[in-house]
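Asks: For reference, this is structure-v9.txt, and it has compact mmCIF, C-alpha atoms.
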# COMPACT_ATOMS: atom_id res chain seq x y z
CA LEU A 1 0.00 0.00 0.00
CA ASP A 2 2.82 2.39 0.86
CA HIS A 3 4.41 1.64 -2.52
CA GLU A 4 1.14 2.34 -4.34
CA VAL A 5 0.81 5.68 -2.54
CA GLU A 6 4.38 6.60 -3.49
CA VAL A 7 3.65 5.80 -7.15
CA LEU A 8 0.59 8.06 -7.09
CA GLN A 9 2.50 10.88 -5.42
CA HIS A 10 5.23 10.57 -8.05
CA GLN A 11 2.61 10.76 -10.80
CA PHE A 12 1.14 13.90 -9.20
CA MET A 13 4.58 15.55 -9.10
CA ARG A 14 5.46 14.51 -12.64
CA ASN A 15 2.21 15.93 -13.99
CA THR A 16 2.33 19.12 -11.86
CA VAL A 17 -0.75 18.15 -9.86
CA LYS A 18 -0.86 19.95 -6.52
CA SER A 19 -2.02 17.85 -3.57
CA ALA A 20 -3.01 18.63 0.00
CA ARG A 21 -4.15 16.61 3.04
CA ALA A 22 -7.06 18.50 4.54
CA ASP A 23 -10.73 18.37 5.46
CA VAL A 24 -12.78 19.93 2.67
CA LYS A 25 -16.08 21.79 2.85
CA PHE A 26 -17.97 23.41 0.00
CA LEU A 27 -18.56 27.14 0.49
CA GLY A 28 -20.38 27.49 -2.82
CA PRO A 29 -20.48 25.99 -6.33
CA ASN A 30 -17.00 27.38 -7.09
CA ARG A 31 -15.19 27.48 -3.74
CA VAL A 32 -14.11 25.13 -0.93
CA SER A 33 -12.36 25.52 2.40
CA LEU A 34 -9.39 23.39 3.43
CA THR A 35 -8.57 22.67 7.09
CA THR A 36 -5.41 20.69 7.85
CA ASP A 37 -4.74 18.47 10.86
CA THR A 38 -2.81 21.35 12.46
CA GLY A 39 -5.77 23.70 12.08
CA ASP A 40 -4.43 25.73 9.15
CA TYR A 41 -7.32 27.17 7.14
CA SER A 42 -7.40 28.23 3.51
CA GLU A 43 -9.87 28.62 0.66
CA VAL A 44 -9.57 27.43 -2.93
CA GLY A 45 -11.61 28.43 -5.94
CA PHE A 46 -12.40 26.04 -8.80
CA ALA A 47 -14.15 25.85 -12.14
CA HIS A 48 -14.93 22.14 -11.76
CA ALA A 49 -14.72 19.66 -8.86
CA LEU A 50 -14.70 15.88 -8.68
CA ILE A 51 -15.86 14.17 -5.48
CA ALA A 52 -14.10 10.83 -4.95
CA VAL A 53 -14.08 10.46 -1.17
CA GLY A 54 -14.75 6.72 -0.95
CA THR A 55 -16.67 4.94 1.78
CA ARG A 56 -16.30 3.51 5.27
CA PRO A 57 -17.99 0.51 6.95
CA HIS A 58 -21.64 1.10 7.84
CA ARG A 59 -21.90 1.20 11.65
CA PRO A 60 -25.48 1.28 12.99
CA ARG A 61 -25.78 2.77 16.47
CA ASP A 62 -27.49 -0.34 17.87
CA VAL A 63 -24.52 -2.59 16.98
CA PRO A 64 -22.06 -2.75 19.94
CA PHE A 65 -18.76 -2.42 18.06
CA ASP A 66 -15.97 -2.89 20.61
CA LYS A 67 -13.04 -4.42 18.65
CA THR A 68 -13.11 -7.29 21.14
CA ARG A 69 -16.21 -9.29 20.21
CA VAL A 70 -17.88 -7.18 17.51
CA PHE A 71 -15.91 -5.78 14.56
CA ASP A 72 -16.49 -3.95 11.30
CA SER A 73 -14.67 -4.98 8.12
CA ASP A 74 -11.79 -2.51 8.65
CA GLU A 75 -11.25 -3.54 12.26
CA MET A 76 -11.01 -7.22 11.30
CA LEU A 77 -7.59 -6.44 9.81
CA GLU A 78 -6.35 -5.63 13.32
CA LEU A 79 -7.06 -9.06 14.84
CA ASP A 80 -4.03 -10.34 16.73
CA ARG A 81 -5.12 -13.99 16.42
CA LEU A 82 -7.69 -16.14 14.65
CA PRO A 83 -11.02 -16.46 16.48
CA ARG A 84 -12.19 -19.92 17.44
CA THR A 85 -15.60 -19.24 15.82
CA LEU A 86 -16.95 -16.40 13.68
CA THR A 87 -20.38 -15.06 12.74
CA VAL A 88 -20.51 -12.81 9.66
CA ILE A 89 -23.56 -10.58 9.21
CA GLY A 90 -24.03 -9.53 5.60
CA GLY A 91 -24.02 -11.59 2.40
CA GLY A 92 -22.55 -8.93 0.15
CA VAL A 93 -19.11 -8.96 -1.43
CA ILE A 94 -17.18 -8.03 1.73
CA GLY A 95 -19.09 -10.38 4.02
CA VAL A 96 -18.72 -13.32 1.63
CA GLU A 97 -15.01 -12.69 1.08
CA TYR A 98 -14.24 -12.52 4.80
CA ALA A 99 -16.46 -15.53 5.56
CA THR A 100 -14.68 -17.75 3.02
CA ILE A 101 -11.22 -16.49 4.01
CA PHE A 102 -11.75 -17.47 7.64
CA SER A 103 -13.39 -20.75 6.63
CA ALA A 104 -10.30 -21.55 4.54
CA LEU A 105 -8.27 -20.97 7.72
CA ASP A 106 -10.38 -23.68 9.43
CA VAL A 107 -12.41 -21.24 11.52
CA PRO A 108 -16.06 -22.41 11.87
CA VAL A 109 -18.10 -19.66 10.20
CA THR A 110 -21.81 -18.79 10.23
CA LEU A 111 -22.95 -16.37 7.51
CA VAL A 112 -26.19 -14.49 8.21
CA GLU A 113 -28.08 -12.65 5.44
CA PRO A 114 -31.54 -11.08 5.97
CA ARG A 115 -32.42 -11.53 2.30
CA ASN A 116 -33.18 -14.88 0.74
CA SER A 117 -29.94 -15.02 -1.21
CA ILE A 118 -26.42 -13.61 -1.22
CA LEU A 119 -24.76 -11.50 -3.93
CA ASP A 120 -28.05 -10.49 -5.51
CA PHE A 121 -26.33 -8.91 -8.55
CA VAL A 122 -24.62 -12.18 -9.58
CA ASP A 123 -26.09 -14.84 -11.86
CA ARG A 124 -28.35 -17.12 -9.80
CA GLU A 125 -26.86 -20.35 -11.13
CA ILE A 126 -23.38 -19.25 -10.06
CA VAL A 127 -24.64 -18.17 -6.63
CA ASP A 128 -26.54 -21.42 -6.05
CA ASP A 129 -23.43 -23.46 -6.87
CA PHE A 130 -21.31 -21.14 -4.71
CA ILE A 131 -23.64 -21.57 -1.71
CA HIS A 132 -23.55 -25.34 -2.18
CA GLN A 133 -19.75 -25.30 -2.14
CA MET A 134 -19.59 -23.08 0.95
CA ARG A 135 -21.91 -25.42 2.82
CA ASP A 136 -19.95 -28.39 1.54
CA ARG A 137 -16.82 -26.99 3.21
CA GLY A 138 -18.65 -26.73 6.54
CA MET A 139 -19.96 -23.18 6.60
CA THR A 140 -23.37 -22.52 8.12
CA ILE A 141 -25.48 -20.14 6.02
CA ARG A 142 -28.63 -18.53 7.42
CA LEU A 143 -30.63 -16.89 4.62
CA GLY A 144 -33.80 -14.89 5.18
CA SER A 145 -32.73 -14.34 8.79
CA ALA A 146 -33.05 -10.77 10.01
CA VAL A 147 -30.88 -9.78 12.97
CA LYS A 148 -32.84 -8.58 16.00
CA GLU A 149 -29.96 -7.84 18.38
CA ILE A 150 -26.21 -8.27 18.75
CA ARG A 151 -24.78 -8.66 22.26
CA SER A 152 -21.13 -8.49 23.27
CA LYS A 153 -20.33 -10.48 26.40
CA PRO A 154 -17.03 -11.08 28.24
CA ASP A 155 -16.48 -14.55 26.76
CA THR A 156 -18.75 -14.65 23.69
CA ALA A 157 -20.83 -12.67 21.21
CA GLU A 158 -24.50 -13.42 20.63
CA VAL A 159 -26.58 -12.71 17.54
CA GLU A 160 -30.32 -12.98 18.17
CA LEU A 161 -32.35 -13.51 15.01
CA ALA A 162 -35.89 -12.28 14.41
CA ASP A 163 -37.17 -15.87 14.46
CA GLY A 164 -35.94 -16.30 18.04
CA ARG A 165 -32.81 -18.33 17.35
CA THR A 166 -29.50 -17.23 18.89
CA ILE A 167 -26.08 -17.73 17.31
CA ARG A 168 -23.08 -17.71 19.65
CA SER A 169 -19.49 -17.24 18.49
CA GLU A 170 -16.25 -15.80 19.76
CA VAL A 171 -16.32 -12.92 17.26
CA VAL A 172 -18.97 -11.19 15.14
CA LEU A 173 -18.13 -9.35 11.92
CA TYR A 174 -20.79 -6.82 10.91
CA ALA A 175 -20.39 -6.32 7.16
CA ALA A 176 -23.80 -5.07 6.04
CA GLY A 177 -22.76 -2.38 3.59
CA ARG A 178 -20.72 0.82 3.54
CA THR A 179 -21.41 4.55 3.92
CA GLY A 180 -20.04 7.38 1.78
CA ASN A 181 -17.55 9.77 3.41
CA VAL A 182 -19.63 12.82 2.52
CA GLY A 183 -20.89 13.96 5.93
CA SER A 184 -18.44 16.85 6.36
CA LEU A 185 -18.37 18.08 2.75
CA GLY A 186 -21.25 20.53 3.13
CA LEU A 187 -23.13 19.13 0.15
CA ASP A 188 -26.30 20.87 1.32
CA ILE A 189 -24.61 24.24 0.82
CA VAL A 190 -24.34 23.64 -2.93
CA GLY A 191 -27.60 21.65 -3.21
CA ILE A 192 -26.24 18.16 -3.77
CA ASP A 193 -28.25 15.38 -2.13
CA ALA A 194 -26.89 12.09 -0.78
CA ASP A 195 -29.01 9.09 0.19
CA PRO A 196 -29.05 7.70 3.77
CA ARG A 197 -25.91 5.66 2.98
CA GLY A 198 -24.03 8.75 1.76
CA ARG A 199 -24.21 7.87 -1.93
CA ILE A 200 -24.35 10.72 -4.44
CA LYS A 201 -26.64 10.52 -7.46
CA VAL A 202 -24.91 11.30 -10.77
CA ASP A 203 -25.61 11.25 -14.48
CA GLN A 204 -24.34 7.82 -15.50
CA GLN A 205 -22.98 9.15 -18.80
CA THR A 206 -21.10 12.25 -17.61
CA PHE A 207 -20.86 11.64 -13.82
CA GLN A 208 -22.19 15.13 -13.13
CA THR A 209 -24.08 15.66 -9.89
CA SER A 210 -27.16 17.88 -9.68
CA VAL A 211 -24.70 20.81 -9.81
CA ALA A 212 -23.34 20.79 -13.37
CA ASN A 213 -19.72 21.72 -12.58
CA ILE A 214 -19.37 19.25 -9.69
CA TYR A 215 -18.79 15.60 -10.54
CA ALA A 216 -18.57 12.42 -8.45
CA ALA A 217 -17.04 8.99 -9.06
CA GLY A 218 -15.99 5.82 -7.28
CA ASP A 219 -17.50 4.21 -4.21
CA ALA A 220 -19.22 7.49 -3.28
CA ILE A 221 -21.73 7.01 -6.14
CA GLY A 222 -22.54 3.40 -5.23
CA PHE A 223 -22.53 0.14 -7.18
CA PRO A 224 -20.30 -1.47 -8.31
CA SER A 225 -17.72 0.22 -6.02
CA LEU A 226 -14.67 -1.37 -7.63
CA ALA A 227 -11.25 0.21 -8.20
CA SER A 228 -11.13 -0.51 -11.93
CA THR A 229 -14.64 0.84 -12.51
CA SER A 230 -13.95 3.89 -10.36
CA MET A 231 -10.89 4.72 -12.44
CA GLU A 232 -12.98 4.60 -15.61
CA GLN A 233 -15.61 6.83 -14.00
CA GLY A 234 -12.90 9.34 -13.09
CA ARG A 235 -11.59 9.29 -16.65
CA GLY A 236 -15.09 9.78 -18.03
CA ALA A 237 -15.75 12.75 -15.75
CA SER A 238 -12.36 14.30 -16.59
CA CYS A 239 -12.94 13.92 -20.31
CA HIS A 240 -16.36 15.58 -20.03
CA VAL A 241 -14.80 18.49 -18.13
CA CYS A 242 -12.14 18.91 -20.83
CA GLY A 243 -14.50 18.43 -23.78
CA VAL A 244 -12.78 15.24 -24.89
CA LEU A 245 -14.98 12.68 -26.65
CA TRP A 246 -15.39 9.62 -24.43
CA PRO A 247 -17.38 6.50 -25.36
CA PRO A 248 -20.46 5.92 -23.23
CA PRO A 249 -19.83 3.61 -20.27
CA PRO A 250 -20.98 0.00 -20.73
CA GLU A 251 -24.26 -1.11 -19.19
CA THR A 252 -22.46 -3.91 -17.36
CA CYS A 253 -19.00 -3.83 -15.81
CA PRO A 254 -16.55 -6.66 -15.13
CA TYR A 255 -16.12 -7.56 -11.49
CA GLY A 256 -14.34 -10.11 -9.33
CA ILE A 257 -15.32 -11.57 -5.96
CA TYR A 258 -12.30 -13.05 -4.25
CA ALA A 259 -13.89 -15.90 -2.36
CA VAL A 260 -12.47 -19.36 -1.65
CA PRO A 261 -14.96 -22.16 -2.34
CA GLU A 262 -13.98 -25.69 -3.29
CA ILE A 263 -12.44 -25.59 -6.77
CA SER A 264 -13.07 -27.96 -9.64
CA THR A 265 -11.13 -31.18 -9.11
CA VAL A 266 -11.64 -32.79 -12.52
CA GLY A 267 -8.48 -34.72 -13.46
CA GLN A 268 -6.75 -34.08 -10.13
CA SER A 269 -6.07 -36.34 -7.20
CA GLU A 270 -7.10 -35.25 -3.69
CA GLU A 271 -3.44 -34.66 -2.85
CA GLN A 272 -2.96 -32.43 -5.92
CA VAL A 273 -6.00 -30.34 -4.98
CA ARG A 274 -4.73 -29.83 -1.43
CA GLU A 275 -1.30 -28.81 -2.68
CA SER A 276 -2.62 -26.37 -5.30
CA GLY A 277 -4.50 -24.21 -2.77
CA SER A 278 -6.10 -22.41 -5.71
CA ALA A 279 -8.58 -19.58 -5.24
CA TYR A 280 -11.73 -19.36 -7.32
CA GLU A 281 -12.81 -16.08 -8.87
CA VAL A 282 -16.46 -15.38 -9.55
CA GLY A 283 -16.99 -12.70 -12.16
Could you render the structure as structure tokens?

Replies:
Amino acid sequence: LDHEVEVLQHQFMRNTVKSARADVKFLGPNRVSLTTDTGDYSEVGFAHALIAVGTRPHRPRDVPFDKTRVFDSDEMLELDRLPRTLTVIGGGVIGVEYATIFSALDVPVTLVEPRNSILDFVDREIVDDFIHQMRDRGMTIRLGSAVKEIRSKPDTAEVELADGRTIRSEVVLYAAGRTGNVGSLGLDIVGIDADPRGRIKVDQQTFQTSVANIYAAGDAIGFPSLASTSMEQGRGASCHVCGVLWPPPPETCPYGIYAVPEISTVGQSEEQVRESGSAYEVG
């Protein structure tokens, strides 16, 4: 990650792009304020702006996040050891990826999804086979099970479902979506609306917001929230700003879900399969 950041900074310098680390707030359709960590304040005018602030894990107030028993998807990276058991709430991309990663590490995993299926944007035949393979490797999958309450206790975490059942595990990962980092931008000042999850509505051809000279791209505008797609959105917005002809974006975008179900074993012995340790990409 550090190397990637250095590459980007080098590209900025090489192309005379000025950069600053600061909190930004719109003061109007052509001006923003910048406040650094040290409290230094300045204002910058602009002809066009592109919002690409990304997202953070969605953290409902009634979920007792404590980084001991209950974690969000960012905090899971700070675990100092593998949990003995894990409950994952959320059958989206992040929840499924974490669930299969920990299952591959021989951690008993229960995946809870309030809807009747996971990955609702993926072909049903692929998803059905995927669920079969996850269950075949020992994962417990609870579909159509809404979560009523999550409790963090000294020696365990409890997930009470709406149907009255309770799931107990050492750790709970809450991975039910993400929220756009737009709260401090002052979007209301310029008349840009964001939905309850902080996603900004844009024109899907030009990536303009409701304010014509302000654009948005990446995770902050919602699905599919992938790096490769976000880069194309940024290019499309930049070309529109500069009057450069850009082909219309495709109706469907390529994507990859880095999960670890059982792979095809046709023509391989059991020993060969174990030694290969191959991952399986859905996309």

Asks: Using only C-alpha atoms for the distances, tell me which of A:Ala99, A:Val241, A:Val32, A:Ala162 is nearest to Gln208 of chain A.

Replies: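 Nearest to Gln208 of chain A: A:Val241.
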
Asks: I'd like the contact shell of segment 247-250 of chain A - 12 Å cut-off, all atoms listed in the file, skipping same-chain residues fewer than 6 positions apart - returned as a list in words.

Replies: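 Selected residues are Asp203, Gln204, Gln205, Thr206, Phe207, Thr229, Ser230, Met231, Glu232, Gln233, Gly234, Arg235, Gly236, Ala237, Cys239 and His240 of chain A.
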
Asks: Next, the residues of the selection above should be written as an mmCIF file, in the coordinates of the input with C-alpha atoms.

Replies:
data_model
loop_
_atom_site.group_PDB
_atom_site.id
_atom_site.type_symbol
_atom_site.label_atom_id
_atom_site.label_comp_id
_atom_site.auth_asym_id
_atom_site.auth_seq_id
_atom_site.Cartn_x
_atom_site.Cartn_y
_atom_site.Cartn_z
ATOM 1 C CA ASP A 203 -25.610 11.250 -14.480
ATOM 2 C CA GLN A 204 -24.340 7.820 -15.500
ATOM 3 C CA GLN A 205 -22.980 9.150 -18.800
ATOM 4 C CA THR A 206 -21.100 12.250 -17.610
ATOM 5 C CA PHE A 207 -20.860 11.640 -13.820
ATOM 6 C CA THR A 229 -14.640 0.840 -12.510
ATOM 7 C CA SER A 230 -13.950 3.890 -10.360
ATOM 8 C CA MET A 231 -10.890 4.720 -12.440
ATOM 9 C CA GLU A 232 -12.980 4.600 -15.610
ATOM 10 C CA GLN A 233 -15.610 6.830 -14.000
ATOM 11 C CA GLY A 234 -12.900 9.340 -13.090
ATOM 12 C CA ARG A 235 -11.590 9.290 -16.650
ATOM 13 C CA GLY A 236 -15.090 9.780 -18.030
ATOM 14 C CA ALA A 237 -15.750 12.750 -15.750
ATOM 15 C CA CYS A 239 -12.940 13.920 -20.310
ATOM 16 C CA HIS A 240 -16.360 15.580 -20.030
#

Asks: In Å, rounded to a single decimal, give me how far atom CA of Trp246 of chain A is from atom CA of Pro29 of chain A.

Replies: 24.9 Å

Asks: Which residue, A:Thr140, A:Pro154, A:Gly54, A:Thr252, has the smallest gap to Arg197 of chain A when you use only C-alpha atoms?

Replies: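 Smallest distance to Arg197 of chain A is found for A:Gly54.
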
Asks: Can you measure atom CA of Leu161 of chain A to atom CA of Gly92 of chain A for me? One decimal in Å is fine.

Replies: 18.4 Å

Asks: In file coordinates, which residues lie within 12 Å of (-21.8, -20.7, -1.4) using only C-alpha atoms, given as JSON, numbers by chain?

Replies: {"A": [91, 92, 95, 96, 97, 99, 100, 103, 110, 111, 117, 118, 119, 124, 125, 126, 127, 128, 129, 130, 131, 132, 133, 134, 135, 136, 137, 138, 139, 140, 141, 142, 143, 259, 260, 261, 262, 263, 280, 282]}

Asks: Using all atoms listed in the file, which protein or nucleic acid residues come within 9 Å of Thr156 of chain A? Drop anything in the same chain fewer than 4 positions from it, and give the result as a list in words.

Replies: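 Once the nearby chain positions are removed, what remains is Arg69, Arg151, Ser152, Arg168, Ser169, Glu170 and Val171 of chain A.
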
Asks: Out of A:Leu27, A:Leu245, A:Leu1, A:Ile51, which residue has the shortest atom-to-atom distance to Ala217 of chain A when counting all atoms listed in the file?

Replies: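 That would be A:Ile51, the residue with the smallest distance to Ala217 of chain A.
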
Asks: Segment 175-184 of chain A: which residues within 10 Å, counting only C-alpha atoms, same-chain residues fewer than 2 positions away excluded, as number ranges by chain?

Replies: A: 23-26, 51-60, 71-74, 88-96, 98, 112-114, 172-173, 186-188, 194-200, 219-222

Asks: Figure out the distance between atom CA of Phe121 of chain A and atom CA of Cys253 of chain A, please, to one decimal in Å.

Replies: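 Distance reported for this atom pair: 11.5 Å.
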
Asks: So, counting all atoms listed in the file, which residue among A:Pro83, A:Tyr255, A:Asn30, A:Asp120 is closest to Leu50 of chain A?

Replies: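 Residue with the minimum atom-to-atom distance to Leu50 of chain A: A:Asn30.
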
Asks: Would you mind telling me which residue in A:Leu82, A:Ser228, A:Leu185, A:Phe12 lies nearest to Thr35 of chain A when using all atoms listed in the file?

Replies: A:Leu185

Asks: Restricting the calculation to only C-alpha atoms, which member of A:Ala157, A:Val122, A:Leu86, A:Ala227 is positioned closest to Asp106 of chain A?

Replies: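 Closest residue, counting only C-alpha atoms: A:Leu86.
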